[in-house]
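S.K.: My file is entry.tsv. It has TSV, C-alpha atoms:
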chain	number	residue	atom	x	y	z
B	1	MET	CA	10.61	13.50	-15.75
B	2	SER	CA	7.40	14.69	-14.09
B	3	SER	CA	5.78	13.28	-10.98
B	4	ARG	CA	3.03	10.70	-11.31
B	5	GLN	CA	-0.04	12.43	-9.99
B	6	SER	CA	-3.17	10.55	-9.08
B	7	THR	CA	-6.48	11.39	-10.70
B	8	GLY	CA	-8.28	10.95	-7.36
B	9	SER	CA	-7.91	12.04	-3.76
B	10	VAL	CA	-4.93	10.26	-2.18
B	11	PHE	CA	-4.15	9.40	1.41
B	12	SER	CA	-0.79	7.80	2.11
B	13	ALA	CA	0.88	6.98	5.40
B	14	ALA	CA	3.76	4.82	6.49
B	15	PHE	CA	4.08	2.88	9.72
B	16	VAL	CA	7.21	1.52	11.38
B	17	ARG	CA	7.09	-1.34	13.85
B	18	THR	CA	8.89	-0.59	17.10
B	19	GLU	CA	9.25	-2.38	20.44
B	20	ASP	CA	6.33	-0.29	21.71
B	21	GLY	CA	4.01	-0.91	18.75
B	22	TRP	CA	3.64	1.08	15.55
B	23	ASN	CA	4.50	4.70	14.81
B	24	GLY	CA	3.16	6.41	11.70
B	25	ALA	CA	3.59	9.47	9.55
B	26	GLU	CA	1.60	10.85	6.65
B	27	ILE	CA	3.61	10.65	3.43
B	28	ASP	CA	3.35	13.01	0.46
B	29	LEU	CA	3.87	10.98	-2.70
B	30	GLY	CA	3.11	13.86	-5.06
B	31	ALA	CA	6.73	14.18	-6.17
B	32	ALA	CA	7.26	10.45	-6.81
B	33	GLU	CA	8.53	9.81	-10.33
B	34	ILE	CA	9.82	6.26	-10.06
B	35	ALA	CA	9.08	3.31	-7.77
B	36	ASP	CA	12.27	3.91	-5.73
B	37	ASP	CA	10.94	7.36	-4.78
B	38	LEU	CA	8.22	5.65	-2.73
B	39	GLY	CA	10.77	3.87	-0.53
B	40	ASP	CA	12.85	7.03	-0.23
B	41	ALA	CA	9.78	8.94	1.02
B	42	VAL	CA	9.04	6.26	3.62
B	43	GLN	CA	12.63	6.22	4.84
B	44	GLU	CA	12.76	10.02	5.05
B	45	HIS	CA	9.43	10.52	6.83
B	46	LEU	CA	9.94	7.70	9.34
B	47	GLY	CA	13.67	8.25	9.86
B	48	LEU	CA	14.51	4.62	9.14
B	49	ASN	CA	18.10	3.60	9.54
B	50	GLY	CA	18.34	-0.17	9.62
B	51	ASP	CA	16.31	-3.33	9.52
B	52	GLU	CA	13.03	-1.85	10.72
B	53	LEU	CA	9.79	-3.19	9.32
B	54	ALA	CA	7.75	-0.44	7.64
B	55	LEU	CA	4.45	-0.51	5.80
B	56	LEU	CA	3.38	2.11	3.28
B	57	CYS	CA	-0.41	2.25	2.97
B	58	VAL	CA	-1.98	4.20	0.13
B	59	GLU	CA	-5.62	4.67	-0.75
B	60	VAL	CA	-6.95	6.46	-3.80
B	61	GLU	CA	-10.52	7.60	-3.26
B	62	ASP	CA	-13.02	4.89	-4.09
B	63	GLU	CA	-10.69	3.20	-6.56
B	64	TRP	CA	-7.86	1.14	-5.09
B	65	PHE	CA	-5.35	0.72	-2.29
B	66	ALA	CA	-1.80	-0.53	-2.00
B	67	ILE	CA	0.41	-1.81	0.79
B	68	VAL	CA	4.17	-1.92	0.41
B	69	ARG	CA	6.36	-3.68	2.94
B	70	TYR	CA	9.90	-2.42	3.44
B	71	GLU	CA	12.33	-4.36	5.61
B	72	GLY	CA	15.99	-3.47	5.71
B	73	ASP	CA	17.83	-4.09	2.45
B	74	ARG	CA	15.27	-6.58	1.14
B	75	GLU	CA	13.29	-5.85	-2.00
B	76	PRO	CA	9.96	-4.16	-1.23
B	77	ARG	CA	6.93	-6.42	-1.25
B	78	THR	CA	3.72	-4.96	-2.68
B	79	PHE	CA	0.03	-5.81	-2.60
B	80	LEU	CA	-2.30	-3.90	-4.91
B	81	SER	CA	-6.07	-4.19	-4.52
B	82	ASP	CA	-6.67	-3.76	-8.25
B	83	ALA	CA	-4.21	-4.73	-10.96
B	84	GLN	CA	-5.85	-2.22	-13.30
B	85	ALA	CA	-4.91	0.79	-11.10
B	86	GLY	CA	-2.09	1.71	-13.47
B	87	LEU	CA	-4.39	2.17	-16.46
B	88	THR	CA	-6.13	5.29	-15.22
B	89	ASP	CA	-3.90	6.64	-12.49
B	90	GLY	CA	-0.33	7.96	-12.61
B	91	LEU	CA	0.41	6.93	-9.05
B	92	GLY	CA	-1.18	3.57	-9.78
B	93	GLU	CA	1.43	3.06	-12.50
B	94	LEU	CA	4.17	3.18	-9.86
B	95	PHE	CA	2.44	0.61	-7.70
B	96	THR	CA	1.70	-1.76	-10.58
B	97	GLU	CA	5.39	-1.53	-11.48
B	98	LEU	CA	6.44	-2.19	-7.89
B	99	ALA	CA	4.04	-5.15	-7.69
B	100	GLY	CA	5.38	-6.56	-10.96
B	101	VAL	CA	1.98	-6.32	-12.63
B	102	ALA	CA	1.16	-5.47	-16.22
B	103	PRO	CA	-2.36	-4.00	-16.43
B	104	ASP	CA	-4.54	-5.60	-19.09
B	105	LYS	CA	-5.03	-2.77	-21.59
B	106	GLU	CA	-7.07	-4.95	-23.95
B	107	THR	CA	-9.84	-5.69	-21.45
B	108	PRO	CA	-9.81	-2.89	-18.87
B	109	ASP	CA	-13.28	-3.72	-17.50
B	110	LEU	CA	-12.37	-7.05	-15.93
B	111	GLY	CA	-13.45	-5.90	-12.47
B	112	VAL	CA	-11.34	-5.79	-9.35
B	113	ARG	CA	-8.34	-8.11	-9.51
B	114	PRO	CA	-5.89	-8.03	-6.59
B	115	ALA	CA	-2.25	-8.44	-7.54
B	116	GLY	CA	1.25	-8.59	-6.14
B	117	ASP	CA	2.47	-10.32	-3.00
B	118	PHE	CA	-0.55	-11.78	-1.21
B	119	GLU	CA	1.64	-13.04	1.67
B	120	LEU	CA	3.30	-9.79	2.68
B	121	LEU	CA	1.25	-9.58	5.91
B	122	SER	CA	0.98	-13.28	6.76
B	123	ASP	CA	3.68	-13.22	9.45
B	124	LEU	CA	1.92	-10.21	11.01
B	125	GLY	CA	-1.41	-12.00	11.41
B	126	MET	CA	-3.28	-11.64	8.13
B	127	SER	CA	-3.45	-14.59	5.78
B	128	PRO	CA	-3.27	-14.20	2.00
B	129	GLU	CA	-6.87	-15.43	1.74
B	130	GLU	CA	-8.10	-12.79	4.19
B	131	LEU	CA	-6.23	-10.04	2.38
B	132	VAL	CA	-7.70	-11.00	-0.99
B	133	GLU	CA	-11.18	-11.44	0.47
B	134	LEU	CA	-11.09	-8.02	2.11
B	135	SER	CA	-9.86	-6.34	-1.06
B	136	MET	CA	-12.65	-7.89	-3.13
B	137	GLU	CA	-15.50	-7.30	-0.67
B	138	GLU	CA	-18.45	-5.86	-2.56
B	139	GLY	CA	-19.09	-2.21	-1.72
B	140	ALA	CA	-16.08	-1.82	0.59
B	141	LEU	CA	-14.10	1.37	0.07
B	142	PRO	CA	-10.29	1.30	0.13
B	143	ALA	CA	-10.26	3.41	3.31
B	144	ASP	CA	-12.55	0.91	5.06
B	145	THR	CA	-10.44	-2.04	3.96
B	146	LEU	CA	-7.20	-0.43	5.15
B	147	SER	CA	-8.90	0.32	8.48
B	148	VAL	CA	-9.76	-3.36	8.92
B	149	ILE	CA	-6.20	-4.38	8.01
B	150	ALA	CA	-4.76	-1.79	10.41
B	151	GLU	CA	-7.03	-3.08	13.18
B	152	ARG	CA	-5.86	-6.65	12.62
B	153	LEU	CA	-2.19	-5.59	12.61
B	154	ALA	CA	-2.59	-3.29	15.65
B	155	PHE	CA	-1.87	0.09	14.06
B	156	ALA	CA	-5.46	1.32	13.70
B	157	ASP	CA	-5.01	4.06	16.32
B	158	GLU	CA	-2.03	5.46	14.41
B	159	LEU	CA	-3.92	5.28	11.12
B	160	ASP	CA	-6.93	7.08	12.64
B	161	ARG	CA	-4.66	9.75	14.15
B	162	LEU	CA	-3.17	10.51	10.73
B	163	ARG	CA	-6.44	10.62	8.80
What do you get writing this file as structure tokens?
M.R.:
Amino acid sequence: MSSRQSTGSVFSAAFVRTEDGWNGAEIDLGAAEIADDLGDAVQEHLGLNGDELALLCVEVEDEWFAIVRYEGDREPRTFLSDAQAGLTDGLGELFTELAGVAPDKETPDLGVRPAGDFELLSDLGMSPEELVELSMEEGALPADTLSVIAERLAFADELDRLR
């Protein structure tokens, strides 16, 4: 099986919550073939070994972004800024699968439709309504939206350091 390459420029980083704040690492997802490979990459790059809370943040050029929340042995929780990401992007296919979304192949021009778990950041200070509103903001690029989210969740400095 071959890796699921993205058609656009990709930035991906993972952040682990510690007693002292957040620590991050850039993650190469180029070799990811299945959804489980994403979690394996996060665990490997951050050195996770228990019940730590980790967030994987991925942005694909001007197209879409995804946030995946990993916490111990729980199933990953995924938010995807556009449910149609999997139609045109190999990496997007993995995230639509992880989010439990089936892209609408019959009407691909429906516009931006967020999908997945809208509440994955609510206990960290971002409501589902805010997350959806940010992801649908007219003219906002995925990088800008992730920066706003990182600022609200207090890992903006780590995100900026990795970019």
S.K.: I'd like the neighbourhood of range 19-21 of chain B as a list in words, where a residue qualifies if any of its atoms comes within 9 Å (using all atoms listed in the file), though same-chain residues fewer than 2 positions away should be ignored.
M.R.: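 Once the nearby chain positions are removed, what remains is Val16, Arg17, Asn23, Ala154 and Phe155 of chain B.
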S.K.: Can you tell me, as a PyMOL selection string, what residues are no more than 12 Å from Gly86 in chain B when counting all atoms listed in the file, ignoring any on the same chain fewer than 5 positions away?
M.R.: chain B and resi 4-7+60+63-66+80-81+91-105+108+115
S.K.: Using only C-alpha atoms, list the residues that have an atom at most 12 Å from (-12.4, 3.9, -4.1), coordinates as in the file, as a ChimeraX atom specification.
M.R.: /B:7-11,58-66,81-82,85,112,135-136,138-146
S.K.: Using only C-alpha atoms, which residues sit within 6 Å of Tyr70 in chain B once same-chain residues fewer than 5 positions away are excluded, as a PyMOL selection string?
M.R.: chain B and resi 53-54+76
S.K.: Which value, in Å to one decimal, gives the distance between CA of Gly90 in chain B and CA of Asp37 in chain B?
M.R.: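 Interatomic distance, CA of Gly90 in chain B to CA of Asp37 in chain B: 13.7 Å.
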S.K.: Measuring between all atoms listed in the file, which one of B:Val148, B:Asp89, B:Asp73, B:Glu137 shows the shortest distance to Glu52 in chain B?
M.R.: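 The shortest atom-to-atom distance to Glu52 in chain B comes from B:Asp73.
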S.K.: Report, in Å with one decimal, the straight-line distance from CA of Leu162 in chain B to CA of Phe15 in chain B.
M.R.: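 Answer for the CA of Leu162 in chain B to CA of Phe15 in chain B separation: 10.6 Å.
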